[in-house]
Every structure is written in C-alpha cells, then in structure tokens.
Amino acid sequence: MHAAGAPVFYDHAYLDAYEQSPLTEIDAFAYLAVKRGEQTVAVAPVYLQTAADPLGLLYKAYPEASGQPALLSHTWHCYDAHVPSTIGVDVVPTVINAMLRTATLFRAQWCGFVNVRRGSELGQELRANGLPARHLIDRWAADLTGVTDYDHYLARLGERARANLRRNERRSGEAGVTTEVLPVSAAALDEITPLCDRTAIRFDNGGFYPEGTFAKFVAALGDRAHVIEVRQRGRLVAVGVCLTDATRFHTWTCGVDYAVEGNYSPYGVLFAESVRLAIKLGKPVLEGGRSNTVFKQRHGLSPHHLDAVLLRA
C-alpha cells in the first residue's frame with residue numbers, strides 16, 4: 001500500500017514482525033480488505049486487545065470503555081493511523097462495518113480508531129461520517145523540506161536552542177562520546193532492549209519494550225530500521241531505533257542513560273544524530289513521536305493532535 005502513502009507501520013515487514021513478536025498483549029489479529037471486483041483497493045489491520053490502553057491514554061478519553069476488550073485500528077506502537085486506499089473514494093464506512101462485524105465475532109465491546117491525526121484524510125472522513133473524535137495526545141514532527149545539512153537545520157532554530165545543541169555537541173566530544181549508525185543486524189540489541197525498557201519505565205510505560213520480544217521485533221524489520229548508538233568510552237548511554245518510509249524518518253523509540261560523566265545530555269546527542277541521518281537519507285519529514293513536549297517544541301518540531309474514535313460493538 002505504498003501507493004496510498006501509508007507510513008511504515010503498514011509495511012508488510014512491520015505488520016509481520018508485530019504478528020510474530022507482538023510488543024503488547026494481542027488477543028487476535030485480523031486484516032480487513034476492501035475490494036473492487038478482484039482488486040484490493042484498501043486495507044486495515046485490526047487488533048483485538050484486552051489490555052487496550054498500555055499508555056494510559058485511551059481510558060482517559062473514553063472512561064466508559066475502561067477494562068473492556070477493544071478491536072483497535074492498530075497497536076499503540078503506531079502513532080499514525082491510516083486506512084491505506086488506492087482509490088479516491090470514501091472507504092471508511094465499509095471498514096467501520098467490517099470492524100463492527102469482526103468485533104462482534106471476537107466478542108469485543110468496543111472497536112474503532114486510535115492515534116488518528118486531526119485533519120488527516122482519515123480524520124476528515126471519520127468526521128464526515130458523523131463520528132466525533134476525542135483527543136488522546138499530540139505527536140511531533142518537523143518539516144525538513146529544503147534542509148540541505150545539519151547547519152541549515154540549526155539555522156532554523158531559535159538562538160537558545162541552537163546554542164544548546166552546539167554546546168552539547170562540544171561537551172559530549174570532550175567527554176569521549178561517539179555515535180554510530182548501524183543496521184539492525186550489527187546493532188547491540190541485547191544492550192539496547194534493557195535501556196529502552198528502563199527509559200519507558202521512567203515515563204510510566206514499563207513493559208512497552210518487553211525483553212526477549214523487542215529484540216526479535218526490531219531484527220525482523222530489516223532495512224526499514226536504522227539504529228543509532230551513542231557510547232561514552234564504549235558504554236551505551238543512548239540509543240535510537242529509527243524507521244523510514246517513502247517520505248518520513250521516524251525517531252520511533254529510544255533509550256537514554258542520564259547517569260553519565262560530563263556535563264552533557266545523551267538525549268541531545270541522539271536527537272542531533274537523528275536529524276543528521278534524516279537529512280542524509282533525504283527524508284522531508286522528521287517524525288518525533290509522542291511526549292517530551294518542551295524539548296521537541298524548542299527544537300523545531302510542531303504538534304499534531306492525535307484523536308480516538310471508539311464505537312460500541
């Protein structure tokens with residue numbers, strides 16, 4: 001469904017990796033296909049989830065759904081819901097009807113869409129079909145169109161943010177910090193997994209990158225993933241697992257150890273290297289994911305509201 005402009009989360013490699021090594025508890029997988037004659041014109045992966053709110057976002061928006069199984073449009077590791085379609089007509093009603101039937105088959109009390117960017121094609125179609133959305137959280141992204149190198153990116157920032165990144169780069173160099181971009185086949189996944197998990201716990205998202213499963217999932221992504229390792233005299237102090245699709249560079253997840261020697265931020269080093277890699281790969285959009293609002297806003301990323309639309313099945 002690349003022709004439909006779908007992000008990496010709808011790539012076959014990503015979906016297959018998640019089915020083989022699910023990062024959250026999935027009770028059932030289903031893949032809805034909309035056909036015109038013999039031709040598939042739209043698709044929608046859906047996932048039955050008893051533990052449907054691992055980030056603590058959905059039940060705040062829909063307290064009436066708390067603790068009940070839900071058939072959702074994707075997993076929570078995807079922050080950009082789509083219904084990839086190759087035809088210029090509204091397929092959302094067909095998908096919704098199929099979701100309702102599938103939810104009934106799975107005996108789920110709820111079904112619907114999560115992490116829908118407000119104003120996106122899917123968001124507009126849901127609204128056009130009379131389905132009100134409720135806000136979950138914001139995700140952050142930067143437009144890199146026309147940015148030719150890292151200095152060009154820095155020039156777009158405010159004076160304070162620009163100075164902070166340059167100072168951090170100098171201090172990290174003095175502290176013996178090095179960075180390396182690796183394919184997943186060469187990355188130290190055994191070190192990366194616990195660091196990502198500890199960082200998730202820091203933000204009350206423990207278990208979001210389960211040991212034993214996370215490494216298998218990342219390894220299965222192949223060339224869709226790039227790993228940025230930040231080391232201080234050999235010790236891993238920050239890591240980013242980044243994903244790419246046709247137009248976007250996704251800083252999908254990271255792990256950071258803030259107990260470092262020297263007056264620098266490992267996260268700042270990782271962010272700068274992520275920007276450099278996005279520019280090098282020629283991706284016009286840098287996707288910064290959810291949360292960490294203050295840092296992202298200060299460093300040139302803009303918010304996109306993410307909504308949920310749930311229906312009683």
# chains A, B, ... in the order shown; residues from 1 in each chain; ligands from 1

call {"tool": "residues_around", "arguments": {"residues": "region 27-34 of chain A", "least_positions_apart": "6", "cutoff": "7 Å", "atoms": "only C-alpha atoms", "output": "NGL selection string"}}
result
:A and (40-50)

call {"tool": "residues_around", "arguments": {"residues": "Pro183 (chain A)", "least_positions_apart": "2", "cutoff": "9 Å", "atoms": "only C-alpha atoms", "output": "PyMOL selection string"}}
result
chain A and resi 181+185-187+222-223+225-228

call {"tool": "write_last_selection", "arguments": {"atoms": "all heavy atoms", "output": "PDB file, in the first residue's frame"}}
result
ATOM      1  N   VAL A 181      25.829   4.860  13.357  1.00  0.00           N
ATOM      2  CA  VAL A 181      24.579   4.417  12.744  1.00  0.00           C
ATOM      3  C   VAL A 181      24.791   3.010  12.211  1.00  0.00           C
ATOM      4  O   VAL A 181      25.715   2.759  11.441  1.00  0.00           O
ATOM      5  CB  VAL A 181      24.144   5.358  11.610  1.00  0.00           C
ATOM      6  CG1 VAL A 181      22.858   4.844  10.956  1.00  0.00           C
ATOM      7  CG2 VAL A 181      23.950   6.780  12.125  1.00  0.00           C
ATOM      8  N   SER A 185      21.150  -5.666  11.959  1.00  0.00           N
ATOM      9  CA  SER A 185      21.945  -6.892  12.023  1.00  0.00           C
ATOM     10  C   SER A 185      23.258  -6.696  12.764  1.00  0.00           C
ATOM     11  O   SER A 185      23.846  -7.661  13.264  1.00  0.00           O
ATOM     12  CB  SER A 185      22.235  -7.407  10.608  1.00  0.00           C
ATOM     13  OG  SER A 185      22.924  -6.423   9.848  1.00  0.00           O
ATOM     14  N   ALA A 186      23.732  -5.448  12.857  1.00  0.00           N
ATOM     15  CA  ALA A 186      25.004  -5.174  13.527  1.00  0.00           C
ATOM     16  C   ALA A 186      24.826  -4.476  14.871  1.00  0.00           C
ATOM     17  O   ALA A 186      25.808  -4.244  15.575  1.00  0.00           O
ATOM     18  CB  ALA A 186      25.887  -4.323  12.622  1.00  0.00           C
ATOM     19  N   ALA A 187      23.595  -4.139  15.237  1.00  0.00           N
ATOM     20  CA  ALA A 187      23.344  -3.397  16.469  1.00  0.00           C
ATOM     21  C   ALA A 187      23.384  -4.316  17.686  1.00  0.00           C
ATOM     22  O   ALA A 187      23.110  -5.513  17.593  1.00  0.00           O
ATOM     23  CB  ALA A 187      21.984  -2.708  16.390  1.00  0.00           C
ATOM     24  N   GLY A 222      14.488  -5.444   9.444  1.00  0.00           N
ATOM     25  CA  GLY A 222      15.469  -5.381   8.368  1.00  0.00           C
ATOM     26  C   GLY A 222      15.858  -3.964   8.010  1.00  0.00           C
ATOM     27  O   GLY A 222      16.103  -3.127   8.889  1.00  0.00           O
ATOM     28  N   ASP A 223      15.882  -3.651   6.713  1.00  0.00           N
ATOM     29  CA  ASP A 223      16.368  -2.346   6.277  1.00  0.00           C
ATOM     30  C   ASP A 223      15.364  -1.224   6.481  1.00  0.00           C
ATOM     31  O   ASP A 223      15.649  -0.066   6.134  1.00  0.00           O
ATOM     32  CB  ASP A 223      16.821  -2.398   4.816  1.00  0.00           C
ATOM     33  CG  ASP A 223      15.698  -2.784   3.851  1.00  0.00           C
ATOM     34  OD1 ASP A 223      14.531  -2.889   4.288  1.00  0.00           O
ATOM     35  OD2 ASP A 223      15.992  -2.991   2.658  1.00  0.00           O
ATOM     36  N   ALA A 225      14.698  -0.312   9.408  1.00  0.00           N
ATOM     37  CA  ALA A 225      15.153   0.251  10.674  1.00  0.00           C
ATOM     38  C   ALA A 225      16.620   0.660  10.607  1.00  0.00           C
ATOM     39  O   ALA A 225      17.431   0.020   9.941  1.00  0.00           O
ATOM     40  CB  ALA A 225      14.941  -0.752  11.808  1.00  0.00           C
ATOM     41  N   HIS A 226      16.936   1.732  11.297  1.00  0.00           N
ATOM     42  CA  HIS A 226      18.307   2.189  11.491  1.00  0.00           C
ATOM     43  C   HIS A 226      18.505   2.357  12.995  1.00  0.00           C
ATOM     44  O   HIS A 226      17.637   2.917  13.670  1.00  0.00           O
ATOM     45  CB  HIS A 226      18.558   3.526  10.794  1.00  0.00           C
ATOM     46  CG  HIS A 226      18.271   3.508   9.331  1.00  0.00           C
ATOM     47  ND1 HIS A 226      19.233   3.274   8.383  1.00  0.00           N
ATOM     48  CD2 HIS A 226      17.112   3.687   8.651  1.00  0.00           C
ATOM     49  CE1 HIS A 226      18.694   3.320   7.182  1.00  0.00           C
ATOM     50  NE2 HIS A 226      17.399   3.566   7.306  1.00  0.00           N
ATOM     51  N   VAL A 227      19.625   1.912  13.497  1.00  0.00           N
ATOM     52  CA  VAL A 227      19.916   2.028  14.919  1.00  0.00           C
ATOM     53  C   VAL A 227      21.043   3.036  15.116  1.00  0.00           C
ATOM     54  O   VAL A 227      22.100   2.927  14.491  1.00  0.00           O
ATOM     55  CB  VAL A 227      20.305   0.675  15.527  1.00  0.00           C
ATOM     56  CG1 VAL A 227      20.675   0.827  17.005  1.00  0.00           C
ATOM     57  CG2 VAL A 227      19.158  -0.328  15.377  1.00  0.00           C
ATOM     58  N   ILE A 228      20.806   4.014  15.962  1.00  0.00           N
ATOM     59  CA  ILE A 228      21.828   4.995  16.317  1.00  0.00           C
ATOM     60  C   ILE A 228      22.316   4.670  17.728  1.00  0.00           C
ATOM     61  O   ILE A 228      21.536   4.720  18.682  1.00  0.00           O
ATOM     62  CB  ILE A 228      21.286   6.432  16.267  1.00  0.00           C
ATOM     63  CG1 ILE A 228      20.746   6.750  14.869  1.00  0.00           C
ATOM     64  CG2 ILE A 228      22.363   7.433  16.669  1.00  0.00           C
ATOM     65  CD1 ILE A 228      20.032   8.095  14.793  1.00  0.00           C
TER      66      ILE A 228
END

call {"tool": "residues_around", "arguments": {"residues": "region 203-207 of chain A", "least_positions_apart": "3", "cutoff": "9 Å", "atoms": "only C-alpha atoms", "output": "list in words"}}
result
Leu23, Thr24, Pro54, Leu55, Gly56, Asp197, Arg198, Thr199, Ala200, Pro210 and Glu211 of chain A

call {"tool": "write_last_selection", "arguments": {"atoms": "N, CA and C atoms", "output": "PDB file, in the first residue's frame"}}
result
ATOM      1  N   LEU A  23       4.634  -6.707  20.669  1.00  0.00           N
ATOM      2  CA  LEU A  23       5.227  -5.965  21.774  1.00  0.00           C
ATOM      3  C   LEU A  23       4.233  -5.673  22.886  1.00  0.00           C
ATOM      4  N   THR A  24       2.949  -5.819  22.605  1.00  0.00           N
ATOM      5  CA  THR A  24       1.926  -5.731  23.635  1.00  0.00           C
ATOM      6  C   THR A  24       1.026  -6.955  23.521  1.00  0.00           C
ATOM      7  N   PRO A  54      -2.180   0.479  27.043  1.00  0.00           N
ATOM      8  CA  PRO A  54      -0.895   0.365  27.734  1.00  0.00           C
ATOM      9  C   PRO A  54      -0.239   1.700  28.051  1.00  0.00           C
ATOM     10  N   LEU A  55      -0.613   2.773  27.347  1.00  0.00           N
ATOM     11  CA  LEU A  55      -0.024   4.088  27.597  1.00  0.00           C
ATOM     12  C   LEU A  55      -0.888   4.965  28.502  1.00  0.00           C
ATOM     13  N   GLY A  56      -2.033   4.452  28.930  1.00  0.00           N
ATOM     14  CA  GLY A  56      -2.889   5.224  29.816  1.00  0.00           C
ATOM     15  C   GLY A  56      -3.539   6.428  29.157  1.00  0.00           C
ATOM     16  N   ASP A 197      13.751  -0.210  27.771  1.00  0.00           N
ATOM     17  CA  ASP A 197      12.759  -0.577  28.777  1.00  0.00           C
ATOM     18  C   ASP A 197      12.884   0.314  30.015  1.00  0.00           C
ATOM     19  N   ARG A 198      14.123   0.572  30.459  1.00  0.00           N
ATOM     20  CA  ARG A 198      14.313   1.432  31.623  1.00  0.00           C
ATOM     21  C   ARG A 198      13.829   2.849  31.347  1.00  0.00           C
ATOM     22  N   THR A 199      14.034   3.319  30.135  1.00  0.00           N
ATOM     23  CA  THR A 199      13.564   4.652  29.776  1.00  0.00           C
ATOM     24  C   THR A 199      12.047   4.709  29.746  1.00  0.00           C
ATOM     25  N   ALA A 200      11.414   3.655  29.236  1.00  0.00           N
ATOM     26  CA  ALA A 200       9.950   3.608  29.237  1.00  0.00           C
ATOM     27  C   ALA A 200       9.406   3.618  30.659  1.00  0.00           C
ATOM     28  N   PRO A 210       9.204  -5.188  25.742  1.00  0.00           N
ATOM     29  CA  PRO A 210       9.487  -6.375  26.561  1.00  0.00           C
ATOM     30  C   PRO A 210      10.763  -7.096  26.154  1.00  0.00           C
ATOM     31  N   GLU A 211      11.547  -7.441  27.153  1.00  0.00           N
ATOM     32  CA  GLU A 211      12.786  -8.163  26.902  1.00  0.00           C
ATOM     33  C   GLU A 211      12.469  -9.516  26.278  1.00  0.00           C
TER      34      GLU A 211
END

call {"tool": "residues_around", "arguments": {"residues": "region 188-192 of chain A", "least_positions_apart": "6", "cutoff": "8 Å", "atoms": "only C-alpha atoms", "output": "list in words"}}
result
Ala215, Leu236, Val239 and Gly255 of chain A

call {"tool": "closest_atom_pairs", "arguments": {"of": "region 98-148 of chain A", "to": "region 282-300 of chain A", "cutoff": "10 Å", "atoms": "only C-alpha atoms", "output": "Markdown table"}}
result
| residue | atom | partner | partner_atom | distance |
| --- | --- | --- | --- | --- |
| A:Ile137 | CA | A:Arg290 | CA | 7.3 |
| A:Asp138 | CA | A:Arg290 | CA | 6.0 |
| A:Arg139 | CA | A:Arg290 | CA | 4.3 |
| A:Trp140 | CA | A:Gly288 | CA | 5.0 |
| A:Ala141 | CA | A:Glu287 | CA | 4.4 |
| A:Ala142 | CA | A:Leu286 | CA | 5.0 |
| A:Asp143 | CA | A:Val285 | CA | 4.9 |
| A:Leu144 | CA | A:Pro284 | CA | 4.6 |
| A:Thr145 | CA | A:Pro284 | CA | 4.7 |
| A:Gly146 | CA | A:Pro284 | CA | 7.7 |
| A:Val147 | CA | A:Pro284 | CA | 8.1 |
| A:Thr148 | CA | A:Gly282 | CA | 8.7 |

call {"tool": "decode", "arguments": {"residues": "region 123-139 of chain A", "atoms": "all heavy atoms", "output": "mmCIF file, in the first residue's frame"}}
result
data_model
loop_
_atom_site.group_PDB
_atom_site.id
_atom_site.type_symbol
_atom_site.label_atom_id
_atom_site.label_comp_id
_atom_site.auth_asym_id
_atom_site.auth_seq_id
_atom_site.Cartn_x
_atom_site.Cartn_y
_atom_site.Cartn_z
ATOM 1 N N GLY A 123 -9.007 11.326 9.485
ATOM 2 C CA GLY A 123 -9.732 12.148 10.447
ATOM 3 C C GLY A 123 -10.897 12.879 9.813
ATOM 4 O O GLY A 123 -11.989 12.957 10.386
ATOM 5 N N GLN A 124 -10.690 13.402 8.615
ATOM 6 C CA GLN A 124 -11.752 14.117 7.915
ATOM 7 C C GLN A 124 -12.874 13.172 7.512
ATOM 8 O O GLN A 124 -14.062 13.529 7.593
ATOM 9 C CB GLN A 124 -11.177 14.824 6.693
ATOM 10 C CG GLN A 124 -10.236 15.970 7.030
ATOM 11 C CD GLN A 124 -9.568 16.571 5.807
ATOM 12 O OE1 GLN A 124 -9.684 16.050 4.695
ATOM 13 N NE2 GLN A 124 -8.853 17.669 5.990
ATOM 14 N N GLU A 125 -12.513 11.963 7.078
ATOM 15 C CA GLU A 125 -13.538 11.003 6.663
ATOM 16 C C GLU A 125 -14.361 10.529 7.859
ATOM 17 O O GLU A 125 -15.584 10.346 7.753
ATOM 18 C CB GLU A 125 -12.886 9.820 5.954
ATOM 19 C CG GLU A 125 -12.331 10.180 4.575
ATOM 20 C CD GLU A 125 -11.694 9.004 3.866
ATOM 21 O OE1 GLU A 125 -11.597 7.925 4.488
ATOM 22 O OE2 GLU A 125 -11.297 9.153 2.697
ATOM 23 N N LEU A 126 -13.711 10.337 8.994
ATOM 24 C CA LEU A 126 -14.457 9.947 10.194
ATOM 25 C C LEU A 126 -15.435 11.047 10.592
ATOM 26 O O LEU A 126 -16.588 10.773 10.934
ATOM 27 C CB LEU A 126 -13.482 9.652 11.336
ATOM 28 C CG LEU A 126 -12.645 8.374 11.195
ATOM 29 C CD1 LEU A 126 -11.548 8.328 12.243
ATOM 30 C CD2 LEU A 126 -13.530 7.129 11.299
ATOM 31 N N ARG A 127 -14.963 12.280 10.538
ATOM 32 C CA ARG A 127 -15.838 13.399 10.878
ATOM 33 C C ARG A 127 -16.989 13.512 9.872
ATOM 34 O O ARG A 127 -18.144 13.760 10.247
ATOM 35 C CB ARG A 127 -15.029 14.699 10.917
ATOM 36 C CG ARG A 127 -15.842 15.926 11.298
ATOM 37 C CD ARG A 127 -14.954 17.158 11.357
ATOM 38 N NE ARG A 127 -13.975 17.038 12.432
ATOM 39 C CZ ARG A 127 -14.216 17.398 13.690
ATOM 40 N NH1 ARG A 127 -15.410 17.868 14.033
ATOM 41 N NH2 ARG A 127 -13.292 17.273 14.602
ATOM 42 N N ALA A 128 -16.676 13.310 8.570
ATOM 43 C CA ALA A 128 -17.708 13.402 7.534
ATOM 44 C C ALA A 128 -18.778 12.340 7.707
ATOM 45 O O ALA A 128 -19.928 12.533 7.276
ATOM 46 C CB ALA A 128 -17.065 13.287 6.154
ATOM 47 N N ASN A 129 -18.413 11.234 8.348
ATOM 48 C CA ASN A 129 -19.376 10.166 8.596
ATOM 49 C C ASN A 129 -20.053 10.301 9.964
ATOM 50 O O ASN A 129 -20.670 9.351 10.454
ATOM 51 C CB ASN A 129 -18.687 8.810 8.477
ATOM 52 C CG ASN A 129 -18.467 8.398 7.026
ATOM 53 O OD1 ASN A 129 -19.356 7.875 6.371
ATOM 54 N ND2 ASN A 129 -17.259 8.655 6.508
ATOM 55 N N GLY A 130 -19.906 11.474 10.559
ATOM 56 C CA GLY A 130 -20.629 11.778 11.784
ATOM 57 C C GLY A 130 -20.048 11.158 13.038
ATOM 58 O O GLY A 130 -20.769 11.010 14.038
ATOM 59 N N LEU A 131 -18.762 10.826 13.017
ATOM 60 C CA LEU A 131 -18.143 10.170 14.170
ATOM 61 C C LEU A 131 -17.263 11.167 14.919
ATOM 62 O O LEU A 131 -16.206 11.574 14.421
ATOM 63 C CB LEU A 131 -17.313 8.972 13.716
ATOM 64 C CG LEU A 131 -18.099 7.885 12.975
ATOM 65 C CD1 LEU A 131 -17.164 6.800 12.479
ATOM 66 C CD2 LEU A 131 -19.167 7.291 13.888
ATOM 67 N N PRO A 132 -17.671 11.601 16.098
ATOM 68 C CA PRO A 132 -16.881 12.577 16.855
ATOM 69 C C PRO A 132 -15.604 11.942 17.414
ATOM 70 O O PRO A 132 -15.586 10.772 17.797
ATOM 71 C CB PRO A 132 -17.821 13.006 17.978
ATOM 72 C CG PRO A 132 -18.740 11.837 18.165
ATOM 73 C CD PRO A 132 -18.916 11.229 16.798
ATOM 74 N N ALA A 133 -14.541 12.724 17.448
ATOM 75 C CA ALA A 133 -13.254 12.245 17.935
ATOM 76 C C ALA A 133 -12.964 12.853 19.305
ATOM 77 O O ALA A 133 -13.423 13.952 19.631
ATOM 78 C CB ALA A 133 -12.153 12.622 16.949
ATOM 79 N N ARG A 134 -12.170 12.127 20.084
ATOM 80 C CA ARG A 134 -11.719 12.615 21.386
ATOM 81 C C ARG A 134 -10.191 12.625 21.403
ATOM 82 O O ARG A 134 -9.557 11.679 20.966
ATOM 83 C CB ARG A 134 -12.266 11.742 22.512
ATOM 84 C CG ARG A 134 -13.783 11.673 22.555
ATOM 85 C CD ARG A 134 -14.273 10.878 23.753
ATOM 86 N NE ARG A 134 -15.697 10.576 23.662
ATOM 87 C CZ ARG A 134 -16.377 9.869 24.574
ATOM 88 N NH1 ARG A 134 -15.743 9.396 25.644
ATOM 89 N NH2 ARG A 134 -17.664 9.631 24.406
ATOM 90 N N HIS A 135 -9.629 13.681 21.947
ATOM 91 C CA HIS A 135 -8.180 13.882 21.905
ATOM 92 C C HIS A 135 -7.466 12.910 22.847
ATOM 93 O O HIS A 135 -7.899 12.670 23.967
ATOM 94 C CB HIS A 135 -7.853 15.323 22.306
ATOM 95 C CG HIS A 135 -6.406 15.655 22.204
ATOM 96 N ND1 HIS A 135 -5.668 16.115 23.273
ATOM 97 C CD2 HIS A 135 -5.541 15.584 21.158
ATOM 98 C CE1 HIS A 135 -4.416 16.325 22.890
ATOM 99 N NE2 HIS A 135 -4.316 16.014 21.618
ATOM 100 N N LEU A 136 -6.352 12.356 22.348
ATOM 101 C CA LEU A 136 -5.512 11.461 23.141
ATOM 102 C C LEU A 136 -4.243 12.157 23.621
ATOM 103 O O LEU A 136 -3.958 12.237 24.810
ATOM 104 C CB LEU A 136 -5.119 10.225 22.312
ATOM 105 C CG LEU A 136 -6.207 9.244 21.923
ATOM 106 C CD1 LEU A 136 -5.648 8.225 20.931
ATOM 107 C CD2 LEU A 136 -6.756 8.538 23.154
ATOM 108 N N ILE A 137 -3.458 12.637 22.663
ATOM 109 C CA ILE A 137 -2.136 13.206 22.936
ATOM 110 C C ILE A 137 -1.677 13.863 21.642
ATOM 111 O O ILE A 137 -2.355 13.745 20.616
ATOM 112 C CB ILE A 137 -1.147 12.090 23.383
ATOM 113 C CG1 ILE A 137 0.108 12.668 24.029
ATOM 114 C CG2 ILE A 137 -0.807 11.170 22.215
ATOM 115 C CD1 ILE A 137 1.014 11.600 24.663
ATOM 116 N N ASP A 138 -0.579 14.570 21.685
ATOM 117 C CA ASP A 138 0.000 15.135 20.467
ATOM 118 C C ASP A 138 1.226 14.328 20.050
ATOM 119 O O ASP A 138 1.939 13.774 20.889
ATOM 120 C CB ASP A 138 0.430 16.588 20.685
ATOM 121 C CG ASP A 138 -0.750 17.526 20.839
ATOM 122 O OD1 ASP A 138 -1.892 17.101 20.555
ATOM 123 O OD2 ASP A 138 -0.540 18.672 21.269
ATOM 124 N N ARG A 139 1.459 14.280 18.740
ATOM 125 C CA ARG A 139 2.736 13.793 18.245
ATOM 126 C C ARG A 139 3.453 14.959 17.580
ATOM 127 O O ARG A 139 2.826 15.959 17.225
ATOM 128 C CB ARG A 139 2.567 12.610 17.301
ATOM 129 C CG ARG A 139 2.358 12.923 15.837
ATOM 130 C CD ARG A 139 2.505 11.664 14.979
ATOM 131 N NE ARG A 139 2.708 11.984 13.580
ATOM 132 C CZ ARG A 139 1.742 11.986 12.663
ATOM 133 N NH1 ARG A 139 0.509 11.663 13.001
ATOM 134 N NH2 ARG A 139 2.023 12.298 11.414
#
